[in-house]
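Here is data.txt, consisting of compact mmCIF, C-alpha atoms:
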```txt
# COMPACT_ATOMS: atom_id res chain seq x y z
CA MET A 1 4.73 5.31 -27.53
CA ARG A 2 2.22 5.59 -30.38
CA GLU A 3 2.43 1.83 -30.97
CA ARG A 4 1.68 1.13 -27.32
CA THR A 5 -1.24 3.56 -27.26
CA GLN A 6 -2.70 1.95 -30.36
CA ALA A 7 -2.27 -1.51 -28.82
CA ILE A 8 -4.05 -0.35 -25.65
CA TYR A 9 -7.12 0.94 -27.48
CA THR A 10 -7.21 -2.13 -29.73
CA ALA A 11 -7.22 -4.28 -26.57
CA LEU A 12 -9.97 -2.12 -25.07
CA ASP A 13 -12.08 -2.58 -28.22
CA ALA A 14 -11.61 -6.33 -27.95
CA LEU A 15 -12.57 -6.20 -24.28
CA GLN A 16 -15.92 -4.65 -25.20
CA SER A 17 -16.79 -7.70 -27.30
CA ASN A 18 -15.31 -10.29 -24.94
CA PRO A 19 -18.07 -12.81 -24.09
CA PHE A 20 -16.52 -13.55 -20.68
CA VAL A 21 -16.37 -9.92 -19.48
CA PRO A 22 -19.57 -8.05 -18.51
CA GLN A 23 -20.13 -4.89 -20.55
CA SER A 24 -20.28 -2.80 -17.37
CA ILE A 25 -16.75 -3.90 -16.42
CA ALA A 26 -15.41 -3.39 -19.97
CA THR A 27 -16.88 0.12 -20.11
CA PHE A 28 -15.48 0.97 -16.68
CA ILE A 29 -12.00 -0.30 -17.58
CA ARG A 30 -12.02 1.79 -20.77
CA ALA A 31 -12.88 4.90 -18.77
CA VAL A 32 -10.14 4.25 -16.19
CA VAL A 33 -7.47 3.52 -18.80
CA THR A 34 -8.45 6.61 -20.81
CA ILE A 35 -8.01 8.77 -17.71
CA GLN A 36 -4.57 7.23 -17.12
CA GLN A 37 -3.56 7.65 -20.75
CA GLU A 38 -4.39 11.36 -20.63
CA ALA A 39 -2.10 11.88 -17.63
CA THR A 40 1.39 13.26 -18.23
CA PRO A 41 3.44 12.53 -15.10
CA ILE A 42 6.99 13.82 -14.74
CA ILE A 43 9.79 12.12 -12.80
CA GLU A 44 12.45 14.78 -12.31
CA ALA A 45 15.22 12.61 -10.83
CA LEU A 46 15.72 9.11 -9.54
CA PRO A 47 16.77 8.70 -5.90
CA HIS A 48 20.15 7.07 -5.54
CA SER A 49 20.09 3.28 -5.40
CA HIS A 50 22.57 1.76 -2.95
CA VAL A 51 22.23 -1.68 -4.54
CA THR A 52 25.57 -2.90 -5.87
CA ASP A 53 26.01 -5.02 -8.99
CA GLU A 54 26.90 -7.94 -6.74
CA SER A 55 23.81 -7.69 -4.55
CA PHE A 56 21.60 -7.16 -7.62
CA ALA A 57 23.03 -10.31 -9.17
CA SER A 58 22.22 -12.19 -5.96
CA GLY A 59 18.57 -11.12 -6.00
CA THR A 60 18.26 -7.65 -4.42
CA SER A 61 15.93 -5.41 -6.43
CA LEU A 62 17.17 -1.95 -7.39
CA TYR A 63 14.60 -0.21 -5.19
CA THR A 64 11.86 -1.03 -2.73
CA ILE A 65 8.33 0.21 -3.40
CA GLN A 66 8.79 2.74 -0.59
CA GLN A 67 11.60 4.38 -2.57
CA PHE A 68 9.51 4.96 -5.68
CA SER A 69 8.66 8.62 -6.26
CA TYR A 70 5.60 9.91 -8.10
CA ASP A 71 4.23 13.05 -9.69
CA LYS A 72 1.90 14.48 -7.02
CA ARG A 73 0.06 16.72 -9.47
CA ALA A 74 -0.63 13.95 -11.96
CA ALA A 75 -1.63 11.43 -9.29
CA ALA A 76 -4.01 13.89 -7.61
CA SER A 77 -5.59 14.77 -10.96
CA ILE A 78 -6.20 11.09 -11.78
CA PHE A 79 -7.63 10.48 -8.30
CA GLY A 80 -10.10 13.34 -8.73
CA LYS A 81 -11.22 12.09 -12.15
CA LEU A 82 -11.67 8.56 -10.82
CA LEU A 83 -13.81 9.89 -7.97
CA ALA A 84 -15.93 11.76 -10.52
CA LEU A 85 -16.24 8.54 -12.55
CA LEU A 86 -17.37 6.56 -9.50
CA SER A 87 -19.86 9.27 -8.53
CA HIS A 88 -21.91 8.31 -11.59
CA ASP A 89 -21.93 4.64 -10.58
CA SER A 90 -24.89 3.80 -8.35
CA ALA A 91 -22.91 1.12 -6.51
CA HIS A 92 -20.07 3.50 -5.55
CA SER A 93 -21.52 7.03 -5.71
CA THR A 94 -22.02 7.31 -1.93
CA VAL A 95 -18.44 6.24 -1.18
CA ALA A 96 -17.06 8.60 -3.84
CA LEU A 97 -19.01 11.51 -2.38
CA THR A 98 -17.87 10.65 1.14
CA ILE A 99 -14.19 10.56 0.12
CA LYS A 100 -14.59 13.87 -1.72
CA THR A 101 -16.16 15.46 1.36
CA GLU A 102 -13.48 14.05 3.67
CA MET A 103 -10.81 15.53 1.38
CA GLU A 104 -12.46 18.94 1.18
CA GLU A 105 -12.83 19.10 4.97
CA GLY A 106 -9.21 18.05 5.53
CA ARG A 107 -9.78 14.69 7.19
CA PHE A 108 -8.54 12.61 4.27
CA SER A 109 -5.07 13.60 3.09
CA LEU A 110 -4.30 12.35 -0.40
CA GLU A 111 -0.55 12.60 0.19
CA GLU A 112 -0.90 10.58 3.39
CA ALA A 113 -2.98 8.01 1.50
CA PHE A 114 -0.37 7.66 -1.26
CA THR A 115 2.35 7.25 1.37
CA ALA A 116 0.27 4.59 3.12
CA TYR A 117 -0.08 2.74 -0.18
CA LEU A 118 3.66 2.84 -0.90
CA HIS A 119 4.43 1.68 2.65
CA THR A 120 1.72 -1.01 2.65
CA ASP A 121 0.27 0.55 5.80
CA ALA A 122 -2.44 -1.96 6.74
CA ARG A 123 -3.67 0.15 9.68
CA PHE A 124 -4.41 3.11 7.38
CA PHE A 125 -6.56 0.95 5.11
CA GLU A 126 -8.28 -0.79 8.02
CA ARG A 127 -9.22 2.57 9.50
CA TRP A 128 -10.52 4.12 6.28
CA ASN A 129 -12.23 0.97 5.00
CA ALA A 130 -14.11 0.79 8.29
CA HIS A 131 -15.01 4.49 8.10
CA LEU A 132 -16.17 4.19 4.48
CA LYS A 133 -17.88 0.84 5.19
CA LEU A 134 -15.88 -0.81 2.41
CA SER A 135 -15.62 -4.59 2.12
CA SER A 136 -13.85 -4.39 -1.26
CA PRO A 137 -10.37 -3.08 -2.18
CA LEU A 138 -11.92 0.07 -3.69
CA LEU A 139 -9.63 2.51 -1.89
CA LEU A 140 -6.61 0.42 -2.86
CA PHE A 141 -7.79 0.50 -6.48
CA LEU A 142 -8.19 4.31 -6.42
CA LEU A 143 -4.71 4.87 -5.05
CA HIS A 144 -2.94 2.34 -7.28
CA SER A 145 -4.74 3.53 -10.41
CA SER A 146 -3.83 7.14 -9.60
CA LEU A 147 -0.17 6.30 -9.04
CA ALA A 148 0.22 3.75 -11.86
CA PRO A 149 1.34 6.13 -14.65
CA SER A 150 3.99 7.63 -12.35
CA LEU A 151 5.17 4.22 -11.13
CA GLU A 152 5.49 2.90 -14.67
CA LEU A 153 7.40 6.01 -15.74
CA PHE A 154 9.71 5.70 -12.72
CA ALA A 155 10.46 2.05 -13.57
CA HIS A 156 10.91 2.85 -17.26
CA THR A 157 13.38 5.62 -16.38
CA LEU A 158 15.17 3.25 -14.01
CA ILE A 159 15.64 0.59 -16.67
CA LYS A 160 17.27 3.16 -18.95
CA GLU A 161 19.96 3.69 -16.31
CA HIS A 162 20.35 0.12 -15.01
CA SER A 163 20.51 -3.04 -17.09
CA ILE A 164 18.23 -5.83 -15.87
CA GLU A 165 19.29 -8.40 -18.45
CA LEU A 166 21.18 -10.52 -15.91
CA TRP A 167 18.28 -10.64 -13.41
CA SER A 168 17.46 -14.28 -12.57
CA GLU A 169 14.63 -14.02 -10.04
CA GLN A 170 10.88 -14.40 -10.55
CA TYR A 171 10.01 -11.15 -8.71
CA CYS A 172 10.53 -7.69 -10.18
CA PRO A 173 14.13 -6.42 -10.58
CA CYS A 174 13.02 -2.82 -10.11
CA CYS A 175 10.86 -3.00 -6.97
CA GLY A 176 10.85 -6.62 -5.76
CA SER A 177 7.09 -7.07 -6.19
CA ASP A 178 5.38 -10.23 -7.42
CA PRO A 179 4.26 -10.44 -11.06
CA LEU A 180 0.71 -9.86 -12.25
CA ILE A 181 0.76 -11.93 -15.43
CA ALA A 182 3.26 -13.56 -17.80
CA TYR A 183 3.79 -13.99 -21.54
CA TRP A 184 5.52 -16.44 -23.83
CA LEU A 185 7.24 -14.30 -26.44
CA ASP A 186 9.25 -14.77 -29.62
CA SER A 187 9.36 -17.99 -31.60
CA THR A 188 11.32 -19.65 -28.77
CA GLY A 189 8.63 -18.95 -26.18
CA LYS A 190 10.80 -17.03 -23.70
CA GLN A 191 8.76 -16.20 -20.60
CA HIS A 192 8.46 -12.59 -19.53
CA ASN A 193 6.76 -11.57 -16.28
CA ILE A 194 4.97 -8.25 -15.77
CA CYS A 195 5.30 -6.63 -12.33
CA SER A 196 2.04 -6.07 -10.45
CA PHE A 197 3.34 -2.82 -8.93
CA CYS A 198 5.35 -0.95 -11.58
CA ALA A 199 4.52 -2.97 -14.75
CA THR A 200 8.18 -3.74 -15.47
CA GLU A 201 8.64 -6.49 -18.04
CA TYR A 202 11.49 -8.93 -17.32
CA ARG A 203 12.56 -12.37 -18.52
CA VAL A 204 12.35 -15.38 -16.18
CA ALA A 205 12.93 -19.14 -16.21
CA ARG A 206 9.87 -21.05 -17.42
CA MET A 207 10.05 -24.14 -15.21
CA GLN A 208 9.95 -22.35 -11.87
CA CYS A 209 7.08 -21.20 -9.66
CA THR A 210 6.51 -17.49 -10.02
CA TYR A 211 5.75 -16.97 -6.36
CA CYS A 212 7.70 -19.47 -4.24
CA GLY A 213 10.53 -20.37 -6.62
CA GLU A 214 9.76 -24.11 -6.70
CA LYS A 215 11.78 -25.81 -9.46
CA ASN A 216 10.68 -29.43 -9.03
CA HIS A 217 8.74 -30.10 -12.23
CA GLU A 218 6.57 -32.65 -10.40
CA GLN A 219 5.13 -29.80 -8.33
CA LEU A 220 4.45 -27.59 -11.35
CA ARG A 221 1.64 -28.11 -13.82
CA TYR A 222 0.34 -26.26 -16.86
CA ILE A 223 -3.39 -26.20 -17.48
CA ALA A 224 -4.85 -25.27 -20.85
CA THR A 225 -8.46 -24.11 -21.08
CA GLU A 226 -11.12 -24.46 -23.74
CA GLU A 227 -12.43 -20.99 -22.93
CA VAL A 228 -9.22 -19.18 -23.95
CA PRO A 229 -6.81 -21.62 -25.68
CA SER A 230 -4.04 -19.01 -25.92
CA VAL A 231 -3.81 -18.72 -22.12
CA HIS A 232 -2.16 -21.30 -19.87
CA ILE A 233 -2.31 -21.56 -16.09
CA GLN A 234 0.92 -22.47 -14.33
CA THR A 235 0.04 -23.98 -10.96
CA CYS A 236 2.34 -24.86 -8.07
CA ALA A 237 1.43 -27.62 -5.62
CA THR A 238 4.05 -26.36 -3.15
CA CYS A 239 2.50 -22.95 -2.46
CA ASN A 240 -0.93 -23.57 -4.04
CA SER A 241 -0.60 -20.53 -6.32
CA TYR A 242 -1.11 -19.91 -10.02
CA ILE A 243 -0.19 -17.38 -12.68
CA LYS A 244 -1.76 -16.80 -16.07
CA ILE A 245 0.59 -17.06 -19.06
CA LEU A 246 -0.50 -15.65 -22.41
CA ASP A 247 0.96 -17.25 -25.52
CA ARG A 248 2.14 -14.35 -27.69
CA LYS A 249 4.88 -16.18 -29.60
CA SER A 250 3.47 -15.14 -32.97
CA ALA A 251 2.22 -11.67 -31.97
CA SER A 252 4.10 -8.46 -32.72
CA SER A 253 2.01 -5.71 -31.10
CA ALA A 254 2.91 -4.08 -27.79
CA LEU A 255 1.83 -5.86 -24.61
CA THR A 256 -1.23 -4.67 -22.70
CA PRO A 257 -0.94 -6.67 -19.46
CA HIS A 258 -3.53 -4.89 -17.31
CA ILE A 259 -6.20 -5.16 -19.98
CA ASP A 260 -5.19 -8.72 -20.82
CA ASP A 261 -5.59 -9.60 -17.16
CA VAL A 262 -9.20 -8.42 -17.17
CA ALA A 263 -9.89 -10.05 -20.55
CA THR A 264 -8.90 -13.41 -19.06
CA LEU A 265 -10.93 -13.27 -15.84
CA ILE A 266 -12.59 -16.54 -16.82
CA ILE A 267 -9.18 -18.19 -16.41
CA ASP A 268 -9.03 -16.98 -12.81
CA VAL A 269 -12.38 -18.62 -12.22
CA VAL A 270 -11.09 -21.92 -13.62
CA ALA A 271 -7.93 -21.79 -11.49
CA LYS A 272 -9.83 -20.96 -8.30
CA GLN A 273 -12.35 -23.72 -8.95
CA GLN A 274 -9.40 -26.11 -8.87
CA GLY A 275 -8.31 -24.73 -5.50
CA PHE A 276 -5.43 -22.45 -6.57
CA LEU A 277 -4.94 -18.83 -5.50
CA ARG A 278 -3.18 -15.81 -7.01
CA PRO A 279 -1.25 -13.74 -4.42
CA VAL A 280 -1.88 -10.43 -6.24
CA LEU A 281 -4.95 -8.46 -7.25
CA SER A 282 -5.52 -7.17 -10.76
CA ALA A 283 -4.64 -3.55 -11.44
CA PHE A 284 -8.35 -2.82 -11.12
CA GLY A 285 -8.88 -4.58 -7.81
CA PHE A 286 -10.58 -7.77 -9.00
```
Represent the structure contained in this file as structure tokens.
Amino acid sequence: MRERTQAIYTALDALQSNPFVPQSIATFIRAVVTIQQEATPIIEALPHSHVTDESFASGTSLYTIQQFSYDKRAAASIFGKLLALLSHDSAHSTVALTIKTEMEEGRFSLEEAFTAYLHTDARFFERWNAHLKLSSPLLLFLLHSSLAPSLELFAHTLIKEHSIELWSEQYCPCCGSDPLIAYWLDSTGKQHNICSFCATEYRVARMQCTYCGEKNHEQLRYIATEEVPSVHIQTCATCNSYIKILDRKSASSALTPHIDDVATLIIDVVAKQQGFLRPVLSAFGF
């Protein structure tokens, strides 16, 4: 745990001096991550998974995102601190104050909002985004960032009880969500994906599209960039998607995927300029 915490703050320091990331974003990310690091969620017990070894081996994740539980106290505390953080930002202070008022007057239920997030309730977000006059995924960011420490702890606890070594799919073995980012690790360059929902790390096949499963190498292409030589873009002509892959074959420190994702935003720009799309948002809503 200490090693991971040290790696996180080292990555945050590097983010502050990253020429491709505006200082305002780097400072904001540091504040959000610090709030999350100070949280101490507790997962008392895992709900029973009805997934058999056979169905898991054939591609059924251990849980769905709806089955994930979270620490209500910790999530609510993070949400309140994030609102306070946004209240000092001129671009978001009005929205933060409105949400706070709606909560205090009982019109916005935080528990209902967390449930809507876990159940991908589009109508809930359409209603509140219209009420708050939001054109950005700000509410989604607030809810995910508040739940993230609990979701990661849930997945970490799950992996202690269920082996995922034999998992052979590109999506997450714990919750079935698409990956956020990938790494090439060890001297052999084994590819590990990081789940966009619960941050689970799992090994995958390299020559396969992360999102549609395409295996035809003629449809897959790797793009290297001058901006960040250690990052490659895997693109798929079949589904027009891409994923960023960070080359960490010679690195030994703990992974910091959410920060690495922000640190490589310039790569997203390059990929999108070439007409490719990423099906998932960053952990911070970019």
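Taking all atoms listed in the file into account, Lys81 (chain A) lies nearest to A:Ser145 out of the set A:Thr225, A:Thr5, A:Gln16, A:Ser145.
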Restrict the calculation to only C-alpha atoms, then for each residue of region 115-209 of chain A with any atom at most 7 Å from an atom of region 68-71 of chain A give the closest atom pair and their distance in Å to one decimal, rows by chain and rising residue number, as a Markdown table.
```
| residue | atom | partner | partner_atom | distance |
| --- | --- | --- | --- | --- |
| A:Leu147 | CA | A:Tyr70 | CA | 6.9 |
| A:Ser150 | CA | A:Tyr70 | CA | 5.1 |
| A:Leu151 | CA | A:Tyr70 | CA | 6.5 |
```
Please produce a file of the residues just selected, as a PDB file, in the frame of the given file, where the atoms kept are C-alpha atoms.
```pdb
ATOM      1  CA  LEU A 147      -0.170   6.300  -9.040  1.00  0.00           C
ATOM      2  CA  SER A 150       3.990   7.630 -12.350  1.00  0.00           C
ATOM      3  CA  LEU A 151       5.170   4.220 -11.130  1.00  0.00           C
TER       4      LEU A 151
END
```
Review point. Hey, what's within 12 Å of region 227-238 of chain A if we count only C-alpha atoms and toss same-chain stuff fewer than 4 positions away? As a PyMOL selection string, please?
Key: chain A and resi 18-20+181-184+191+206-223+242-251+260-261+263-272+274-278
Check your understanding: How would you write as a ChimeraX atom specification the residues that get within 12 Å of (-17.9, 8.5, -8.6) in the file's frame, counting all atoms listed in the file?
Key -> /A:28,31-32,79-100,138,142
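Among A:Ala224, A:Ile65, A:Met1, A:Ile35, the residue with the shortest atom-to-atom distance to Pro149 (chain A), counting all atoms listed in the file, is A:Ile35.
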**Study point:** Pick from A:Ile78, A:Leu255, A:Leu46, A:Leu134 nearest to Ala155 (chain A), counting only C-alpha atoms
**Key:** A:Leu46
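Closest approach to Leu15 (chain A) from the set A:Ser196, A:Ser109, A:Ile259, A:Ser55 is made by A:Ile259, with distances taken over all atoms listed in the file.
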I'd like the contact shell of Leu180 (chain A) - 7 Å cut-off, only C-alpha atoms, skipping same-chain residues fewer than 2 positions apart - returned as a CSV table (one decimal) with C-alpha atoms, in the frame of the given file.
```
chain,number,residue,atom,x,y,z
A,178,ASP,CA,5.4,-10.2,-7.4
A,194,ILE,CA,5.0,-8.2,-15.8
A,195,CYS,CA,5.3,-6.6,-12.3
A,196,SER,CA,2.0,-6.1,-10.4
A,280,VAL,CA,-1.9,-10.4,-6.2
A,282,SER,CA,-5.5,-7.2,-10.8
```
Practice item. Compare A:Phe56, A:Tyr202, A:Tyr9, A:Tyr63 by their minimum atom-to-atom distance to Leu158 (chain A), counting only C-alpha atoms, and give me the closest one. Key: A:Tyr63
Which residues of region 159-213 of chain A come within 12 Å of region 110-130 of chain A, and what is each one's closest atom pair and distance in Å (one decimal), counting only C-alpha atoms, sorted by chain and residue number, as CSV?
```
residue,atom,partner,partner_atom,distance
A:Cys175,CA,A:Leu118,CA,11.1
A:Ser177,CA,A:Leu118,CA,11.7
A:Phe197,CA,A:Leu118,CA,9.8
A:Cys198,CA,A:Leu118,CA,11.5
```
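Comparing A:Ile43, A:Ala76, A:Ala57, A:Leu132 by their smallest distance to Glu152 (chain A), the closest is A:Ile43 (using only C-alpha atoms).
The gap separating CA of Thr256 (chain A) from CA of Ser61 (chain A) is 23.7 Å, in Å to one decimal.
The spacing separating CA of Ser168 (chain A) from CA of Val51 (chain A) amounts to 15.7 Å.
Straight-line separation from CA of Ser24 (chain A) to CA of Ala199 (chain A): 24.9 Å.
Near (6.8, 16.2, -15.1), the residues that fall inside 9 Å on the basis of only C-alpha atoms are Thr40, Pro41, Ile42, Ile43, Glu44, Asp71, Arg73 and Ala74 of chain A.
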Can you tell me, as a PDB file with C-alpha atoms, in the frame of the given file, what residues are no more than 12 Å from Lys160 (chain A) when counting all atoms listed in the file, ignoring any on the same chain fewer than 4 positions away?
```pdb
ATOM      1  CA  LEU A  46      15.720   9.110  -9.540  1.00  0.00           C
ATOM      2  CA  LEU A 153       7.400   6.010 -15.740  1.00  0.00           C
ATOM      3  CA  PHE A 154       9.710   5.700 -12.720  1.00  0.00           C
ATOM      4  CA  ALA A 155      10.460   2.050 -13.570  1.00  0.00           C
ATOM      5  CA  HIS A 156      10.910   2.850 -17.260  1.00  0.00           C
ATOM      6  CA  ILE A 164      18.230  -5.830 -15.870  1.00  0.00           C
ATOM      7  CA  GLU A 165      19.290  -8.400 -18.450  1.00  0.00           C
ATOM      8  CA  CYS A 174      13.020  -2.820 -10.110  1.00  0.00           C
ATOM      9  CA  THR A 200       8.180  -3.740 -15.470  1.00  0.00           C
TER      10      THR A 200
END
```
